[in-house]
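Below is run.pdb, which holds PDB, C-alpha atoms and all ligand atoms.
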```
ATOM      1  CA  MET A   1      12.373 -23.128 -16.799  1.00  0.00           C
ATOM      2  CA  ARG A   2       9.853 -22.103 -14.114  1.00  0.00           C
ATOM      3  CA  LYS A   3       6.907 -20.097 -15.463  1.00  0.00           C
ATOM      4  CA  TRP A   4       5.413 -17.174 -13.493  1.00  0.00           C
ATOM      5  CA  ASN A   5       2.158 -19.077 -12.949  1.00  0.00           C
ATOM      6  CA  ASP A   6       3.993 -22.091 -11.445  1.00  0.00           C
ATOM      7  CA  ASP A   7       4.513 -19.923  -8.408  1.00  0.00           C
ATOM      8  CA  PRO A   8       2.536 -21.388  -5.439  1.00  0.00           C
ATOM      9  CA  PHE A   9       1.209 -17.981  -4.334  1.00  0.00           C
ATOM     10  CA  THR A  10      -0.047 -17.205  -7.866  1.00  0.00           C
ATOM     11  CA  LYS A  11      -1.834 -20.588  -7.947  1.00  0.00           C
ATOM     12  CA  LYS A  12      -3.287 -20.037  -4.471  1.00  0.00           C
ATOM     13  CA  ALA A  13      -4.578 -16.552  -5.388  1.00  0.00           C
ATOM     14  CA  LYS A  14      -6.248 -17.937  -8.519  1.00  0.00           C
ATOM     15  CA  LYS A  15      -7.848 -20.773  -6.561  1.00  0.00           C
ATOM     16  CA  GLU A  16      -9.104 -18.410  -3.842  1.00  0.00           C
ATOM     17  CA  ASN A  17     -10.410 -15.859  -6.376  1.00  0.00           C
ATOM     18  CA  TYR A  18      -8.081 -13.017  -5.447  1.00  0.00           C
ATOM     19  CA  GLU A  19      -7.019 -10.464  -8.053  1.00  0.00           C
ATOM     20  CA  ALA A  20      -3.292 -10.938  -7.334  1.00  0.00           C
ATOM     21  CA  ARG A  21      -0.757 -12.919  -5.312  1.00  0.00           C
ATOM     22  CA  SER A  22       0.096  -9.659  -3.478  1.00  0.00           C
ATOM     23  CA  ILE A  23      -2.759 -10.439  -1.103  1.00  0.00           C
ATOM     24  CA  TYR A  24      -0.523 -12.858   0.808  1.00  0.00           C
ATOM     25  CA  LYS A  25       1.978 -10.087   1.553  1.00  0.00           C
ATOM     26  CA  LEU A  26      -0.702  -7.958   3.214  1.00  0.00           C
ATOM     27  CA  GLU A  27      -2.145 -11.019   4.959  1.00  0.00           C
ATOM     28  CA  GLU A  28       1.255 -11.849   6.477  1.00  0.00           C
ATOM     29  CA  ILE A  29       1.919  -8.223   7.468  1.00  0.00           C
ATOM     30  CA  ASP A  30      -1.518  -8.091   9.104  1.00  0.00           C
ATOM     31  CA  LYS A  31      -1.006 -11.394  10.960  1.00  0.00           C
ATOM     32  CA  ARG A  32       2.220 -10.032  12.379  1.00  0.00           C
ATOM     33  CA  GLU A  33       1.115  -6.446  13.010  1.00  0.00           C
ATOM     34  CA  GLN A  34      -2.663  -6.565  13.670  1.00  0.00           C
ATOM     35  CA  LEU A  35      -3.262  -3.708  11.248  1.00  0.00           C
ATOM     36  CA  PHE A  36      -7.053  -3.678  11.263  1.00  0.00           C
ATOM     37  CA  LYS A  37      -7.891  -3.340  14.984  1.00  0.00           C
ATOM     38  CA  GLY A  38     -10.394  -0.486  15.294  1.00  0.00           C
ATOM     39  CA  VAL A  39     -10.038   0.400  11.591  1.00  0.00           C
ATOM     40  CA  HIS A  40     -13.061   1.744   9.656  1.00  0.00           C
ATOM     41  CA  ARG A  41     -11.517   3.858   6.876  1.00  0.00           C
ATOM     42  CA  VAL A  42      -8.633   2.748   4.649  1.00  0.00           C
ATOM     43  CA  LEU A  43      -6.786   4.607   1.897  1.00  0.00           C
ATOM     44  CA  ASP A  44      -5.289   2.010  -0.475  1.00  0.00           C
ATOM     45  CA  LEU A  45      -2.699   3.531  -2.861  1.00  0.00           C
ATOM     46  CA  GLY A  46      -1.534   1.473  -5.842  1.00  0.00           C
ATOM     47  CA  ALA A  47      -4.626  -0.677  -5.433  1.00  0.00           C
ATOM     48  CA  ALA A  48      -4.941  -2.331  -8.868  1.00  0.00           C
ATOM     49  CA  PRO A  49      -5.824  -5.018  -9.721  1.00  0.00           C
ATOM     50  CA  GLY A  50      -7.313  -5.084  -6.231  1.00  0.00           C
ATOM     51  CA  SER A  51      -6.158  -7.932  -3.994  1.00  0.00           C
ATOM     52  CA  TRP A  52      -5.220  -5.622  -1.086  1.00  0.00           C
ATOM     53  CA  THR A  53      -8.627  -3.946  -1.434  1.00  0.00           C
ATOM     54  CA  GLN A  54     -10.237  -7.415  -1.320  1.00  0.00           C
ATOM     55  CA  TYR A  55      -8.303  -8.192   1.858  1.00  0.00           C
ATOM     56  CA  CYS A  56      -9.436  -4.891   3.422  1.00  0.00           C
ATOM     57  CA  LEU A  57     -13.068  -5.753   2.612  1.00  0.00           C
ATOM     58  CA  LYS A  58     -12.622  -9.094   4.368  1.00  0.00           C
ATOM     59  CA  LYS A  59     -11.402  -7.335   7.510  1.00  0.00           C
ATOM     60  CA  LEU A  60     -13.847  -4.387   7.590  1.00  0.00           C
ATOM     61  CA  ALA A  61     -17.476  -4.165   8.731  1.00  0.00           C
ATOM     62  CA  PRO A  62     -20.218  -3.605   6.102  1.00  0.00           C
ATOM     63  CA  GLU A  63     -20.500   0.118   6.970  1.00  0.00           C
ATOM     64  CA  ASP A  64     -16.735   0.717   6.588  1.00  0.00           C
ATOM     65  CA  LYS A  65     -15.034   2.146   3.476  1.00  0.00           C
ATOM     66  CA  VAL A  66     -11.930   1.778   1.335  1.00  0.00           C
ATOM     67  CA  VAL A  67     -10.727   4.621  -0.878  1.00  0.00           C
ATOM     68  CA  ALA A  68      -8.605   2.974  -3.579  1.00  0.00           C
ATOM     69  CA  VAL A  69      -6.297   4.778  -6.023  1.00  0.00           C
ATOM     70  CA  ASP A  70      -4.383   3.539  -9.061  1.00  0.00           C
ATOM     71  CA  LEU A  71      -3.573   4.605 -12.588  1.00  0.00           C
ATOM     72  CA  ALA A  72      -4.677   1.120 -13.745  1.00  0.00           C
ATOM     73  CA  PRO A  73      -8.250  -0.208 -13.367  1.00  0.00           C
ATOM     74  CA  LEU A  74      -9.492  -2.205 -10.395  1.00  0.00           C
ATOM     75  CA  GLY A  75     -10.717  -5.713 -11.302  1.00  0.00           C
ATOM     76  CA  PHE A  76     -14.123  -5.256  -9.629  1.00  0.00           C
ATOM     77  CA  ILE A  77     -16.579  -2.739  -8.265  1.00  0.00           C
ATOM     78  CA  HIS A  78     -17.908  -2.883  -4.715  1.00  0.00           C
ATOM     79  CA  PRO A  79     -20.311  -0.628  -2.792  1.00  0.00           C
ATOM     80  CA  GLN A  80     -17.784  -0.104   0.016  1.00  0.00           C
ATOM     81  CA  VAL A  81     -14.995   0.947  -2.361  1.00  0.00           C
ATOM     82  CA  ILE A  82     -14.512   4.421  -3.809  1.00  0.00           C
ATOM     83  CA  PHE A  83     -12.071   3.914  -6.678  1.00  0.00           C
ATOM     84  CA  ILE A  84     -10.150   6.777  -8.279  1.00  0.00           C
ATOM     85  CA  GLN A  85      -8.326   5.854 -11.467  1.00  0.00           C
ATOM     86  CA  LYS A  86      -5.571   8.440 -11.738  1.00  0.00           C
ATOM     87  CA  PRO A  87      -1.853   8.690 -11.013  1.00  0.00           C
ATOM     88  CA  ILE A  88      -1.225   9.765  -7.418  1.00  0.00           C
ATOM     89  CA  GLU A  89       0.650  12.807  -8.759  1.00  0.00           C
ATOM     90  CA  GLU A  90      -2.560  14.123 -10.391  1.00  0.00           C
ATOM     91  CA  ILE A  91      -5.130  13.482  -7.688  1.00  0.00           C
ATOM     92  CA  ASP A  92      -6.498  16.176  -5.470  1.00  0.00           C
ATOM     93  CA  LEU A  93      -7.453  13.893  -2.586  1.00  0.00           C
ATOM     94  CA  VAL A  94      -8.651  16.823  -0.484  1.00  0.00           C
ATOM     95  CA  SER A  95     -11.433  17.498  -2.990  1.00  0.00           C
ATOM     96  CA  ILE A  96     -12.481  13.832  -2.706  1.00  0.00           C
ATOM     97  CA  LEU A  97     -11.999  13.145   1.002  1.00  0.00           C
ATOM     98  CA  GLY A  98     -12.625  16.632   2.370  1.00  0.00           C
ATOM     99  CA  SER A  99     -11.891  16.597   6.081  1.00  0.00           C
ATOM    100  CA  GLU A 100     -12.508  12.845   6.410  1.00  0.00           C
ATOM    101  CA  LYS A 101      -9.605  11.080   8.119  1.00  0.00           C
ATOM    102  CA  MET A 102      -8.308   7.533   7.631  1.00  0.00           C
ATOM    103  CA  ASP A 103      -7.359   4.917  10.240  1.00  0.00           C
ATOM    104  CA  LEU A 104      -4.964   3.123   7.911  1.00  0.00           C
ATOM    105  CA  VAL A 105      -3.065   4.168   4.771  1.00  0.00           C
ATOM    106  CA  LEU A 106      -1.582   1.422   2.571  1.00  0.00           C
ATOM    107  CA  SER A 107       0.783   1.916  -0.349  1.00  0.00           C
ATOM    108  CA  ASP A 108       1.786  -0.993  -2.548  1.00  0.00           C
ATOM    109  CA  MET A 109       2.639   1.447  -5.358  1.00  0.00           C
ATOM    110  CA  ALA A 110       5.557   0.348  -7.499  1.00  0.00           C
ATOM    111  CA  PRO A 111       7.064   1.904 -10.617  1.00  0.00           C
ATOM    112  CA  LYS A 112       7.329   0.010 -13.895  1.00  0.00           C
ATOM    113  CA  THR A 113      10.856  -1.291 -13.510  1.00  0.00           C
ATOM    114  CA  THR A 114      13.483  -0.316 -16.097  1.00  0.00           C
ATOM    115  CA  GLY A 115      16.186  -2.695 -14.911  1.00  0.00           C
ATOM    116  CA  VAL A 116      18.392   0.313 -14.152  1.00  0.00           C
ATOM    117  CA  HIS A 117      18.911   0.007 -10.397  1.00  0.00           C
ATOM    118  CA  ASP A 118      19.294   3.705  -9.547  1.00  0.00           C
ATOM    119  CA  THR A 119      16.302   4.746 -11.658  1.00  0.00           C
ATOM    120  CA  ASP A 120      14.008   2.095 -10.169  1.00  0.00           C
ATOM    121  CA  VAL A 121      15.082   2.854  -6.596  1.00  0.00           C
ATOM    122  CA  ALA A 122      14.644   6.619  -7.133  1.00  0.00           C
ATOM    123  CA  ARG A 123      11.182   6.177  -8.656  1.00  0.00           C
ATOM    124  CA  SER A 124      10.115   3.883  -5.822  1.00  0.00           C
ATOM    125  CA  PHE A 125      11.355   6.493  -3.322  1.00  0.00           C
ATOM    126  CA  ASP A 126       9.302   9.187  -5.125  1.00  0.00           C
ATOM    127  CA  LEU A 127       6.131   7.052  -4.938  1.00  0.00           C
ATOM    128  CA  ALA A 128       6.750   6.176  -1.282  1.00  0.00           C
ATOM    129  CA  SER A 129       7.278   9.889  -0.541  1.00  0.00           C
ATOM    130  CA  LEU A 130       3.962  10.796  -2.191  1.00  0.00           C
ATOM    131  CA  ALA A 131       2.308   8.039  -0.143  1.00  0.00           C
ATOM    132  CA  LEU A 132       3.836   9.468   3.047  1.00  0.00           C
ATOM    133  CA  GLU A 133       2.573  12.923   2.111  1.00  0.00           C
ATOM    134  CA  ALA A 134      -0.952  11.495   1.723  1.00  0.00           C
ATOM    135  CA  ALA A 135      -0.624   9.588   5.019  1.00  0.00           C
ATOM    136  CA  CYS A 136       0.410  12.784   6.841  1.00  0.00           C
ATOM    137  CA  LYS A 137      -2.562  14.664   5.370  1.00  0.00           C
ATOM    138  CA  PHE A 138      -5.242  12.059   5.935  1.00  0.00           C
ATOM    139  CA  LEU A 139      -4.310   9.821   8.881  1.00  0.00           C
ATOM    140  CA  LYS A 140      -6.025  10.179  12.231  1.00  0.00           C
ATOM    141  CA  PRO A 141      -3.638  10.672  15.164  1.00  0.00           C
ATOM    142  CA  GLY A 142      -2.497   7.181  16.205  1.00  0.00           C
ATOM    143  CA  GLY A 143      -3.182   5.774  12.706  1.00  0.00           C
ATOM    144  CA  SER A 144      -1.001   3.307  10.801  1.00  0.00           C
ATOM    145  CA  PHE A 145       0.827   3.378   7.478  1.00  0.00           C
ATOM    146  CA  VAL A 146       2.176   0.460   5.419  1.00  0.00           C
ATOM    147  CA  VAL A 147       4.401   1.332   2.474  1.00  0.00           C
ATOM    148  CA  LYS A 148       6.507  -0.519  -0.054  1.00  0.00           C
ATOM    149  CA  LEU A 149      10.002   0.681  -0.919  1.00  0.00           C
ATOM    150  CA  PHE A 150      12.724  -0.772  -3.161  1.00  0.00           C
ATOM    151  CA  MET A 151      15.909  -1.290  -1.158  1.00  0.00           C
ATOM    152  CA  GLY A 152      18.645   1.148  -2.141  1.00  0.00           C
ATOM    153  CA  GLU A 153      20.552   4.220  -1.116  1.00  0.00           C
ATOM    154  CA  SER A 154      17.389   6.081  -0.090  1.00  0.00           C
ATOM    155  CA  PHE A 155      16.326   3.444   2.465  1.00  0.00           C
ATOM    156  CA  GLU A 156      17.834   5.184   5.541  1.00  0.00           C
ATOM    157  CA  GLU A 157      16.566   8.585   4.414  1.00  0.00           C
ATOM    158  CA  TYR A 158      13.042   7.201   4.154  1.00  0.00           C
ATOM    159  CA  ARG A 159      13.268   5.506   7.568  1.00  0.00           C
ATOM    160  CA  LYS A 160      14.353   8.824   9.098  1.00  0.00           C
ATOM    161  CA  LEU A 161      11.413  10.594   7.477  1.00  0.00           C
ATOM    162  CA  LEU A 162       9.014   8.009   8.915  1.00  0.00           C
ATOM    163  CA  ARG A 163      10.539   8.384  12.389  1.00  0.00           C
ATOM    164  CA  THR A 164       9.595  12.054  12.439  1.00  0.00           C
ATOM    165  CA  HIS A 165       5.903  11.203  11.994  1.00  0.00           C
ATOM    166  CA  PHE A 166       5.336   7.824  13.711  1.00  0.00           C
ATOM    167  CA  GLU A 167       5.937   6.309  17.163  1.00  0.00           C
ATOM    168  CA  GLN A 168       6.954   2.855  15.938  1.00  0.00           C
ATOM    169  CA  ILE A 169       8.488   1.585  12.706  1.00  0.00           C
ATOM    170  CA  ARG A 170       9.120  -1.978  11.597  1.00  0.00           C
ATOM    171  CA  ILE A 171      10.565  -3.353   8.373  1.00  0.00           C
ATOM    172  CA  LEU A 172       9.132  -6.551   6.926  1.00  0.00           C
ATOM    173  CA  ARG A 173       9.801  -8.703   3.921  1.00  0.00           C
ATOM    174  CA  PRO A 174       6.861 -11.122   3.633  1.00  0.00           C
ATOM    175  CA  GLU A 175       7.497 -14.744   2.682  1.00  0.00           C
ATOM    176  CA  SER A 176       5.523 -14.379  -0.564  1.00  0.00           C
ATOM    177  CA  THR A 177       7.862 -11.630  -1.843  1.00  0.00           C
ATOM    178  CA  ARG A 178       9.549 -12.936  -4.991  1.00  0.00           C
ATOM    179  CA  LYS A 179      13.156 -14.025  -4.330  1.00  0.00           C
ATOM    180  CA  HIS A 180      14.748 -11.549  -6.784  1.00  0.00           C
ATOM    181  CA  SER A 181      12.590  -8.602  -5.633  1.00  0.00           C
ATOM    182  CA  ARG A 182      14.214  -5.642  -3.899  1.00  0.00           C
ATOM    183  CA  GLU A 183      11.026  -4.609  -2.144  1.00  0.00           C
ATOM    184  CA  VAL A 184      10.563  -4.239   1.596  1.00  0.00           C
ATOM    185  CA  PHE A 185       7.595  -2.949   3.581  1.00  0.00           C
ATOM    186  CA  PHE A 186       7.693  -0.378   6.328  1.00  0.00           C
ATOM    187  CA  VAL A 187       4.946  -0.675   8.906  1.00  0.00           C
ATOM    188  CA  ALA A 188       4.631   2.626  10.748  1.00  0.00           C
ATOM    189  CA  LYS A 189       2.265   2.933  13.709  1.00  0.00           C
ATOM    190  CA  GLY A 190       1.181   5.706  16.026  1.00  0.00           C
ATOM    191  CA  PHE A 191       0.891   8.680  13.673  1.00  0.00           C
ATOM    192  CA  ARG A 192       1.758  11.912  15.451  1.00  0.00           C
ATOM    193  CA  GLN A 193      -0.491  14.776  14.483  1.00  0.00           C
ATOM    194  CA  PRO A 194       1.755  17.568  13.215  1.00  0.00           C
ATOM    195  CA  SER A 195       1.632  20.592  15.525  1.00  0.00           C
ATOM    196  CA  LYS A 196      -0.141  23.572  13.939  1.00  0.00           C
TER
HETATM  197  C1  LIG B 201       2.283  -4.229  -7.062  1.00  0.00           C
HETATM  198  S1  LIG B 201       1.014  -3.384  -7.895  1.00  0.00           S
HETATM  199  C2  LIG B 201      -0.221  -3.241  -6.648  1.00  0.00           C
HETATM  200  C3  LIG B 201      -0.962  -4.527  -6.367  1.00  0.00           C
HETATM  201  C4  LIG B 201      -2.180  -4.299  -5.496  1.00  0.00           C
HETATM  202  N1  LIG B 201      -1.818  -3.881  -4.148  1.00  0.00           N
HETATM  203  C5  LIG B 201      -3.017  -5.553  -5.382  1.00  0.00           C
HETATM  204  O1  LIG B 201      -2.993  -6.171  -4.323  1.00  0.00           O
HETATM  205  O2  LIG B 201      -3.711  -5.892  -6.335  1.00  0.00           O
HETATM  206  C6  LIG B 201       1.628  -1.747  -7.972  1.00  0.00           C
HETATM  207  C7  LIG B 201       0.629  -0.749  -8.491  1.00  0.00           C
HETATM  208  O3  LIG B 201       1.158   0.569  -8.381  1.00  0.00           O
HETATM  209  C8  LIG B 201       0.502   1.340  -9.367  1.00  0.00           C
HETATM  210  N2  LIG B 201       1.172   2.612  -9.592  1.00  0.00           N
HETATM  211  C9  LIG B 201       2.413   2.829 -10.087  1.00  0.00           C
HETATM  212  N3  LIG B 201       2.651   4.146 -10.204  1.00  0.00           N
HETATM  213  C10 LIG B 201       1.531   4.775  -9.762  1.00  0.00           C
HETATM  214  C11 LIG B 201       1.160   6.156  -9.643  1.00  0.00           C
HETATM  215  N4  LIG B 201       1.980   7.120 -10.018  1.00  0.00           N
HETATM  216  N5  LIG B 201      -0.073   6.458  -9.146  1.00  0.00           N
HETATM  217  C12 LIG B 201      -0.921   5.465  -8.779  1.00  0.00           C
HETATM  218  N6  LIG B 201      -0.625   4.152  -8.874  1.00  0.00           N
HETATM  219  C13 LIG B 201       0.583   3.805  -9.366  1.00  0.00           C
HETATM  220  C14 LIG B 201       0.558   0.423 -10.597  1.00  0.00           C
HETATM  221  O4  LIG B 201      -0.384   0.826 -11.566  1.00  0.00           O
HETATM  222  C15 LIG B 201       0.268  -0.939  -9.976  1.00  0.00           C
HETATM  223  O5  LIG B 201      -1.079  -1.287 -10.107  1.00  0.00           O
END
```

Write the structure described by the file as structure tokens, please.
Amino acid sequence: MRKWNDDPFTKKAKKENYEARSIYKLEEIDKREQLFKGVHRVLDLGAAPGSWTQYCLKKLAPEDKVVAVDLAPLGFIHPQVIFIQKPIEEIDLVSILGSEKMDLVLSDMAPKTTGVHDTDVARSFDLASLALEAACKFLKPGGSFVVKLFMGESFEEYRKLLRTHFEQIRILRPESTRKHSREVFFVAKGFRQPSK
């Protein structure tokens, strides 16, 4: 039987000193979508153990910042990273970010799976909806949003929601996504500032 650490992306991440194999999903999305052009501020939701944050640091200039959020701890500390260890449901991001706006919002948040399809899909939809709420509050006009969602009945509803806020939406399933996984990523670009 194949063990989890036989996986080539897990081995590669270990060899390259990344916190998780998830890094290769963001790397592929970025190669295809050029996410970091002109980006100085990133909000990284579901950041732990921290491989997406590590990728952001690789792409940003030394004066740029990542605000990372997760209920689990990040595997490292870094002067360019503000880490908030709390569930997204309990964070008052306004009190932390004030009026500061982000160029890019990422959400790799995923629920602990139960194996019950409807429950897992519904929980993933709830997390993706909270991520969209944060993106709408904190993105600069024209900003980008990358979010993970488990495929299911709520997929079309979520796509429709995204369409109301962004100019362009793409759906990607990176090569490093595990074969049995139901996850897909939406890449939404061109955030439209809501009219007051
Ligand atoms: C796939 S992992 C993220 C991996 C991360 N992007 C990386 O590259 O290291 C999903 C993360 O979502 C987080 N998560 C799940 N529910 C959450 C919630 N309610 N609030 C914040 N984070 C949550 C989990 O703790 C977990 O660390």

Extract, using only C-alpha atoms, all DNA, RNA and protein residues at most 7 Å from range 166-174 of chain A, discarding same-chain residues fewer than 4 positions from it, and format them as a list in words.
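So the residues in contact are Lys25, Glu28, Ile29, Leu162, Val184, Phe185, Phe186, Val187, Ala188, Lys189, Gly190, Phe191 and Arg192 of chain A.
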
If the PyMOL selection byres (((not hetatm)) within 7 of (chain B and resi 201)) were run on this exact file, what residues would it hold? Put them as a PDB file with C-alpha atoms, in the frame of the given file.
```pdb
ATOM      1  CA  GLU A  19      -7.019 -10.464  -8.053  1.00  0.00           C
ATOM      2  CA  ALA A  20      -3.292 -10.938  -7.334  1.00  0.00           C
ATOM      3  CA  SER A  22       0.096  -9.659  -3.478  1.00  0.00           C
ATOM      4  CA  ILE A  23      -2.759 -10.439  -1.103  1.00  0.00           C
ATOM      5  CA  LEU A  45      -2.699   3.531  -2.861  1.00  0.00           C
ATOM      6  CA  GLY A  46      -1.534   1.473  -5.842  1.00  0.00           C
ATOM      7  CA  ALA A  47      -4.626  -0.677  -5.433  1.00  0.00           C
ATOM      8  CA  ALA A  48      -4.941  -2.331  -8.868  1.00  0.00           C
ATOM      9  CA  PRO A  49      -5.824  -5.018  -9.721  1.00  0.00           C
ATOM     10  CA  GLY A  50      -7.313  -5.084  -6.231  1.00  0.00           C
ATOM     11  CA  SER A  51      -6.158  -7.932  -3.994  1.00  0.00           C
ATOM     12  CA  TRP A  52      -5.220  -5.622  -1.086  1.00  0.00           C
ATOM     13  CA  THR A  53      -8.627  -3.946  -1.434  1.00  0.00           C
ATOM     14  CA  VAL A  69      -6.297   4.778  -6.023  1.00  0.00           C
ATOM     15  CA  ASP A  70      -4.383   3.539  -9.061  1.00  0.00           C
ATOM     16  CA  LEU A  71      -3.573   4.605 -12.588  1.00  0.00           C
ATOM     17  CA  ALA A  72      -4.677   1.120 -13.745  1.00  0.00           C
ATOM     18  CA  LYS A  86      -5.571   8.440 -11.738  1.00  0.00           C
ATOM     19  CA  PRO A  87      -1.853   8.690 -11.013  1.00  0.00           C
ATOM     20  CA  ILE A  88      -1.225   9.765  -7.418  1.00  0.00           C
ATOM     21  CA  GLU A  89       0.650  12.807  -8.759  1.00  0.00           C
ATOM     22  CA  ASP A 108       1.786  -0.993  -2.548  1.00  0.00           C
ATOM     23  CA  MET A 109       2.639   1.447  -5.358  1.00  0.00           C
ATOM     24  CA  ALA A 110       5.557   0.348  -7.499  1.00  0.00           C
ATOM     25  CA  PRO A 111       7.064   1.904 -10.617  1.00  0.00           C
ATOM     26  CA  LYS A 112       7.329   0.010 -13.895  1.00  0.00           C
ATOM     27  CA  LEU A 127       6.131   7.052  -4.938  1.00  0.00           C
TER      28      LEU A 127
END
```

Name the closest residue to Pro62 in chain A among the candidates A:His40, A:Phe83, A:Ile96, A:Leu161; distances are taken between atoms, counting all atoms listed in the file.
A:His40

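For the atom pair formed by CA of Ala122 in chain A and CA of Met151 in chain A, the distance is 10.0 Å, given to one decimal.
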
Separation of CA of Val39 in chain A from CA of Lys160 in chain A in Å
25.9 Å

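One finds CA of Gln193 in chain A at 18.5 Å from CA of Leu93 in chain A.
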
Please report as a Markdown table every residue of range 1-105 of chain A lying within 8 Å of range 142-150 of chain A, along with the nearest atom pair and their distance in Å (one decimal), using only C-alpha atoms.
```
| residue | atom | partner | partner_atom | distance |
| --- | --- | --- | --- | --- |
| A:Leu35 | CA | A:Ser144 | CA | 7.4 |
| A:Met102 | CA | A:Gly143 | CA | 7.4 |
| A:Asp103 | CA | A:Gly143 | CA | 4.9 |
| A:Leu104 | CA | A:Ser144 | CA | 4.9 |
| A:Val105 | CA | A:Phe145 | CA | 4.8 |
```

Distance criterion (only C-alpha atoms): nearest to Glu100 in chain A out of A:Pro8, A:Lys31, A:Thr177, A:Lys140
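Using only C-alpha atoms, Glu100 in chain A sits closest to A:Lys140.
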
Residues selected by the PyMOL selection byres (((chain A and resi 121) around 8) and not hetatm), written as a PyMOL selection string:
chain A and resi 117-120+122-125+149-154

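Residues lying at most 12 Å from (-18.7, -2.2, -0.9) in file coordinates, with all atoms listed in the file considered, are Thr53, Gln54, Cys56, Leu57, Lys58, Leu60, Ala61, Pro62, Glu63, Asp64, Lys65, Val66, Val67, Ala68, Phe76, Ile77, His78, Pro79, Gln80, Val81, Ile82 and Phe83 of chain A.
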
Long-range neighbours of Tyr24 in chain A as a ChimeraX atom specification, 8 Å cut-off, only C-alpha atoms, 3 positions minimum in chain:
/A:9,21,27-28,176

For Tyr18 in chain A, which of A:Ala128, A:Leu74, A:Arg163, A:Leu43 is the closest residue, counting all atoms listed in the file?
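Between A:Ala128, A:Leu74, A:Arg163, A:Leu43, the residue approaching Tyr18 in chain A most closely is A:Leu74.
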
Box centre and edge lengths (Å, one decimal), axis-aligned, range 73-84 of chain A plus 6 Å each side, as JSON:
```
{"center_x": -14.3, "center_y": 0.5, "center_z": -6.7, "size_x": 24.1, "size_y": 24.5, "size_z": 25.4}
```

Residue nearest Pro194 in chain A - candidates A:Ala13, A:Leu26, A:Ala135, A:Val116, atoms counted: all atoms listed in the file
A:Ala135

Closest of A:Arg41, A:Glu33, A:Glu157, A:Leu130 to Glu90 in chain A - atom-to-atom distances counting all atoms listed in the file
A:Leu130
